[in-house]
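Source file: target-v5.txt. Holds: compact mmCIF, C-alpha atoms.
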```
# COMPACT_ATOMS: atom_id res chain seq x y z
CA MET U 11 77.87 -36.04 -27.37
CA GLN U 12 74.39 -35.85 -25.83
CA HIS U 13 71.89 -33.27 -27.04
CA GLU U 14 69.18 -31.84 -24.83
CA GLN U 15 65.82 -33.24 -25.99
CA LYS U 16 63.41 -30.53 -27.11
CA GLY U 17 59.66 -30.32 -27.58
CA GLY U 18 58.31 -33.40 -29.31
CA ALA U 19 61.67 -35.10 -29.64
CA MET U 20 62.10 -38.45 -28.02
CA ALA U 21 65.05 -40.18 -26.52
CA GLY U 22 65.41 -43.81 -27.47
CA GLU U 23 63.78 -43.66 -30.90
CA LYS U 24 66.17 -44.49 -33.73
CA ILE U 25 65.08 -43.45 -37.20
CA LEU U 26 66.03 -45.38 -40.34
CA ILE U 27 65.79 -43.41 -43.58
CA VAL U 28 65.37 -45.61 -46.66
CA GLU U 29 65.84 -43.32 -49.66
CA ASP U 30 68.08 -43.60 -52.74
CA ASP U 31 68.10 -39.91 -53.67
CA VAL U 32 71.11 -38.52 -51.79
CA LEU U 33 69.69 -34.98 -51.55
CA ILE U 34 66.29 -36.12 -50.25
CA ALA U 35 67.95 -38.51 -47.78
CA ALA U 36 70.19 -35.69 -46.51
CA ASP U 37 67.19 -33.37 -46.21
CA LEU U 38 65.22 -35.98 -44.21
CA GLU U 39 68.24 -36.67 -42.03
CA ASP U 40 68.59 -32.93 -41.34
CA ILE U 41 64.89 -32.60 -40.44
CA VAL U 42 64.97 -35.68 -38.17
CA THR U 43 68.14 -34.66 -36.30
CA THR U 44 66.97 -31.04 -35.98
CA LEU U 45 63.85 -32.42 -34.25
CA GLY U 46 66.15 -34.16 -31.75
CA TYR U 47 65.88 -37.72 -33.04
CA GLU U 48 68.76 -40.11 -33.57
CA ILE U 49 69.41 -41.59 -37.02
CA SER U 50 70.11 -45.34 -36.99
CA GLY U 51 71.16 -45.24 -40.63
CA THR U 52 70.40 -44.27 -44.20
CA ALA U 53 69.76 -47.07 -46.69
CA ASP U 54 69.21 -47.03 -50.45
CA SER U 55 68.26 -50.69 -51.07
CA PHE U 56 66.78 -53.77 -49.40
CA GLU U 57 70.27 -55.04 -48.60
CA THR U 58 71.43 -51.84 -46.89
CA ALA U 59 68.10 -51.50 -45.01
CA GLN U 60 68.64 -55.00 -43.57
CA GLN U 61 71.95 -53.85 -42.06
CA PHE U 62 70.18 -51.17 -39.96
CA ALA U 63 66.95 -53.05 -39.16
CA ALA U 64 67.94 -54.31 -35.71
CA PHE U 65 69.08 -50.82 -34.65
CA SER U 66 65.91 -48.97 -35.73
CA THR U 67 62.56 -48.26 -34.07
CA ILE U 68 60.99 -46.07 -36.78
CA ALA U 69 61.57 -46.09 -40.55
CA LEU U 70 60.71 -43.62 -43.30
CA VAL U 71 60.78 -45.72 -46.49
CA ASP U 72 60.65 -44.62 -50.13
CA VAL U 73 59.01 -46.96 -52.68
CA ASN U 74 61.50 -46.77 -55.55
CA LEU U 75 65.09 -47.45 -54.48
CA ARG U 76 68.44 -48.31 -56.04
CA ASP U 77 67.34 -51.95 -56.42
CA GLY U 78 63.87 -51.19 -57.85
CA ALA U 79 60.45 -50.78 -56.23
CA THR U 80 61.53 -52.67 -53.10
CA GLY U 81 60.25 -50.11 -50.56
CA PRO U 82 56.99 -51.93 -49.77
CA ARG U 83 58.88 -55.21 -49.23
CA ILE U 84 61.39 -53.42 -46.99
CA GLY U 85 58.55 -51.84 -44.99
CA GLN U 86 56.84 -55.19 -44.41
CA TYR U 87 60.19 -56.80 -43.49
CA LEU U 88 61.15 -54.09 -40.98
CA ALA U 89 57.72 -54.17 -39.35
CA SER U 90 57.19 -57.92 -39.18
CA GLU U 91 60.74 -59.06 -38.38
CA PHE U 92 61.92 -56.20 -36.14
CA GLY U 93 58.76 -54.41 -34.93
CA VAL U 94 59.83 -51.17 -36.60
CA ALA U 95 57.07 -48.53 -37.02
CA VAL U 96 57.11 -47.87 -40.78
CA VAL U 97 55.71 -45.06 -42.91
CA MET U 98 56.17 -45.03 -46.66
CA VAL U 99 57.42 -41.67 -48.01
CA THR U 100 56.89 -41.54 -51.76
CA GLY U 101 56.33 -39.27 -54.71
CA SER U 102 54.28 -42.08 -56.32
CA PRO U 103 51.61 -43.17 -53.80
CA GLU U 104 49.61 -44.76 -56.62
CA MET U 105 52.41 -47.32 -57.10
CA ILE U 106 51.65 -48.97 -53.76
CA GLU U 107 49.34 -51.83 -54.62
CA THR U 108 50.75 -54.62 -52.47
CA ASP U 109 49.38 -55.62 -49.08
CA LEU U 110 51.03 -53.36 -46.54
CA SER U 111 49.25 -54.68 -43.46
CA LYS U 112 52.32 -54.19 -41.26
CA VAL U 113 53.13 -50.69 -42.54
CA ILE U 114 51.34 -47.93 -40.63
CA GLY U 115 50.79 -45.47 -43.44
CA LEU U 116 52.02 -43.25 -46.23
CA ILE U 117 52.97 -39.64 -46.80
CA SER U 118 53.75 -37.99 -50.14
CA LYS U 119 57.01 -36.35 -51.16
CA PRO U 120 58.06 -33.66 -50.95
CA SER U 121 57.22 -33.66 -47.24
CA HIS U 122 57.16 -30.49 -45.16
CA PRO U 123 59.32 -30.66 -42.01
CA ASN U 124 56.20 -30.12 -39.85
CA LEU U 125 54.55 -33.19 -41.41
CA ILE U 126 57.70 -35.26 -40.73
CA ARG U 127 57.62 -34.02 -37.11
CA ASP U 128 53.93 -34.90 -36.72
CA VAL U 129 54.42 -38.33 -38.32
CA LEU U 130 57.37 -39.14 -36.01
CA GLU U 131 55.36 -38.06 -32.95
CA TYR U 132 52.41 -40.18 -34.12
CA LEU U 133 54.66 -43.21 -34.67
CA LYS U 134 56.12 -42.81 -31.18
CA THR U 135 52.58 -42.80 -29.75
CA VAL U 136 51.71 -45.95 -31.72
CA ARG U 137 54.92 -47.64 -30.55
CA GLU U 138 53.94 -46.87 -26.95
CA GLY U 139 50.68 -48.76 -27.51
CA GLU U 140 48.46 -45.69 -27.57
CA ARG U 141 45.95 -44.70 -30.22
CA GLY U 142 47.19 -41.25 -31.24
CA VAL U 143 45.71 -39.17 -34.03
CA PRO U 144 47.39 -39.52 -37.41
CA PRO U 145 48.48 -36.18 -38.85
CA GLY U 146 46.62 -34.65 -41.77
CA GLY U 147 48.44 -35.53 -44.97
CA MET U 148 49.10 -39.12 -43.82
CA ARG U 149 47.15 -42.03 -45.28
CA LEU U 150 46.76 -44.97 -42.90
CA PHE U 151 46.90 -48.59 -44.06
CA ALA U 152 45.89 -50.40 -40.87
```

Output the file's structure in the form of structure tokens.
Amino acid sequence: MQHEQKGGAMAGEKILIVEDDVLIAADLEDIVTTLGYEISGTADSFETAQQFAAFSTIALVDVNLRDGATGPRIGQYLASEFGVAVVMVTGSPEMIETDLSKVIGLISKPSHPNLIRDVLEYLKTVREGERGVPPGGMRLFA
């Protein structure tokens, strides 16, 4: 069933949500689909994220998952191996100490739906090779 694309929504982008808290994952999924985006999958570990990597263009990745603090490793993997535009979404931004040169940036949880919308629009711009302006509330790594 095709949905009419609205406002800032974009056809073709497939969003991977990497989050082990079922309620937060469901909330993110609801926000993303309400904005008109397609979900490629929801993962709660490195292993499950790998299954959706090839089908994703953008990923929202938590730091602490079912298999430990593997979020940064997942982000680097998705970006370097599959060209996925990755933003870390975490309640513990201070825990990110590793080199995240391939990850675009970070937003803190809980995230307001408008921030998620602005981040997704920014990531689409970056994926199209443009410079875009990162939304307020997003910390850039690159």

Counting all atoms listed in the file, note down every residue that has an atom within 9 Å of the point (74.2, -45.9, -39.7) (file coordinates), as a ChimeraX atom specification.
/U:26,49-53,61-62,65

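When all atoms listed in the file are used to compute distances to Met98 in chain U, the closest of the residues U:Thr135, U:Phe151, U:Glu23, U:Tyr47 turns out to be U:Phe151.
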
At a cut-off of 12 Å, using all atoms listed in the file, what residues contact Leu38 in chain U? Leave out same-chain residues fewer than 2 positions from it and give the result as an MDAnalysis selection string.
chainID U and resid 25:36 40:45 47:49 51:52 69:72 99 119:127 130

All residues 9 Å or closer to Phe92 in chain U, all atoms listed in the file, same chain fewer than 5 positions away omitted, as a PyMOL selection string
chain U and resi 63-64+66-67+87

Suppose you want the space between CA of Gly146 in chain U and CA of Asp128 in chain U; what is it in Å?
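Those two atoms sit 8.9 Å apart.
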
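Atom to atom, CA of Ala89 in chain U and CA of Arg76 in chain U stand 20.7 Å apart.
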
Just the number, please: distance in Å from CA of Val94 in chain U to CA of Gly22 in chain U, one decimal.
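These atoms are spaced 13.0 Å apart.
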
Counting all atoms listed in the file, figure out which residue out of U:Val73, U:Tyr132, U:Thr80, U:Leu88 gets nearest to Thr100 in chain U.
U:Val73

Pick out the closest residue to Lys24 in chain U from this set: U:Gly81, U:Phe56, U:Leu110, U:Ile68. Count only C-alpha atoms.
U:Ile68

Expected axis-aligned box over every listed atom of range 88-107 of chain U, 3 Å added per side, centre plus edges in Å to one decimal, as lines of an AutoDock Vina configuration file:
```
center_x = 55.6
center_y = -49.2
center_z = -46.0
size_x = 18.6
size_y = 25.8
size_z = 28.2
```

What would range 77-89 of chain U look like if you wrote it out as a PDB file, in the first residue's frame, with N, CA, C and O atoms included, from the block I just posted?
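Wrote out31.pdb, looks like this:
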```pdb
ATOM      1  N   ASP U  77      23.246  -6.455  23.461  1.00  0.00           N
ATOM      2  CA  ASP U  77      24.553  -7.120  23.535  1.00  0.00           C
ATOM      3  C   ASP U  77      25.646  -6.202  24.089  1.00  0.00           C
ATOM      4  O   ASP U  77      26.828  -6.407  23.834  1.00  0.00           O
ATOM      5  N   GLY U  78      25.262  -5.160  24.825  1.00  0.00           N
ATOM      6  CA  GLY U  78      26.243  -4.258  25.440  1.00  0.00           C
ATOM      7  C   GLY U  78      26.298  -2.918  24.723  1.00  0.00           C
ATOM      8  O   GLY U  78      25.391  -2.547  23.989  1.00  0.00           O
ATOM      9  N   ALA U  79      27.406  -2.192  24.933  1.00  0.00           N
ATOM     10  CA  ALA U  79      27.566  -0.858  24.343  1.00  0.00           C
ATOM     11  C   ALA U  79      28.099  -0.973  22.914  1.00  0.00           C
ATOM     12  O   ALA U  79      29.159  -0.453  22.581  1.00  0.00           O
ATOM     13  N   THR U  80      27.350  -1.674  22.072  1.00  0.00           N
ATOM     14  CA  THR U  80      27.803  -1.945  20.697  1.00  0.00           C
ATOM     15  C   THR U  80      27.331  -0.898  19.685  1.00  0.00           C
ATOM     16  O   THR U  80      27.701  -0.964  18.511  1.00  0.00           O
ATOM     17  N   GLY U  81      26.515   0.074  20.125  1.00  0.00           N
ATOM     18  CA  GLY U  81      25.993   1.078  19.209  1.00  0.00           C
ATOM     19  C   GLY U  81      27.049   1.789  18.375  1.00  0.00           C
ATOM     20  O   GLY U  81      26.913   1.878  17.146  1.00  0.00           O
ATOM     21  N   PRO U  82      28.132   2.296  18.994  1.00  0.00           N
ATOM     22  CA  PRO U  82      29.153   2.969  18.191  1.00  0.00           C
ATOM     23  C   PRO U  82      29.763   2.051  17.121  1.00  0.00           C
ATOM     24  O   PRO U  82      29.988   2.481  15.983  1.00  0.00           O
ATOM     25  N   ARG U  83      30.004   0.790  17.465  1.00  0.00           N
ATOM     26  CA  ARG U  83      30.556  -0.164  16.498  1.00  0.00           C
ATOM     27  C   ARG U  83      29.561  -0.397  15.357  1.00  0.00           C
ATOM     28  O   ARG U  83      29.928  -0.452  14.189  1.00  0.00           O
ATOM     29  N   ILE U  84      28.279  -0.512  15.706  1.00  0.00           N
ATOM     30  CA  ILE U  84      27.233  -0.696  14.698  1.00  0.00           C
ATOM     31  C   ILE U  84      27.197   0.515  13.775  1.00  0.00           C
ATOM     32  O   ILE U  84      27.120   0.374  12.551  1.00  0.00           O
ATOM     33  N   GLY U  85      27.248   1.714  14.362  1.00  0.00           N
ATOM     34  CA  GLY U  85      27.215   2.940  13.555  1.00  0.00           C
ATOM     35  C   GLY U  85      28.347   2.992  12.552  1.00  0.00           C
ATOM     36  O   GLY U  85      28.138   3.283  11.368  1.00  0.00           O
ATOM     37  N   GLN U  86      29.563   2.706  13.014  1.00  0.00           N
ATOM     38  CA  GLN U  86      30.734   2.714  12.122  1.00  0.00           C
ATOM     39  C   GLN U  86      30.575   1.659  11.026  1.00  0.00           C
ATOM     40  O   GLN U  86      30.886   1.896   9.865  1.00  0.00           O
ATOM     41  N   TYR U  87      30.098   0.478  11.404  1.00  0.00           N
ATOM     42  CA  TYR U  87      29.899  -0.626  10.450  1.00  0.00           C
ATOM     43  C   TYR U  87      28.892  -0.237   9.369  1.00  0.00           C
ATOM     44  O   TYR U  87      29.150  -0.395   8.177  1.00  0.00           O
ATOM     45  N   LEU U  88      27.732   0.276   9.783  1.00  0.00           N
ATOM     46  CA  LEU U  88      26.685   0.647   8.823  1.00  0.00           C
ATOM     47  C   LEU U  88      27.187   1.720   7.859  1.00  0.00           C
ATOM     48  O   LEU U  88      26.931   1.655   6.659  1.00  0.00           O
ATOM     49  N   ALA U  89      27.918   2.700   8.396  1.00  0.00           N
ATOM     50  CA  ALA U  89      28.394   3.808   7.572  1.00  0.00           C
ATOM     51  C   ALA U  89      29.510   3.372   6.627  1.00  0.00           C
ATOM     52  O   ALA U  89      29.472   3.682   5.438  1.00  0.00           O
TER      53      ALA U  89
END
```
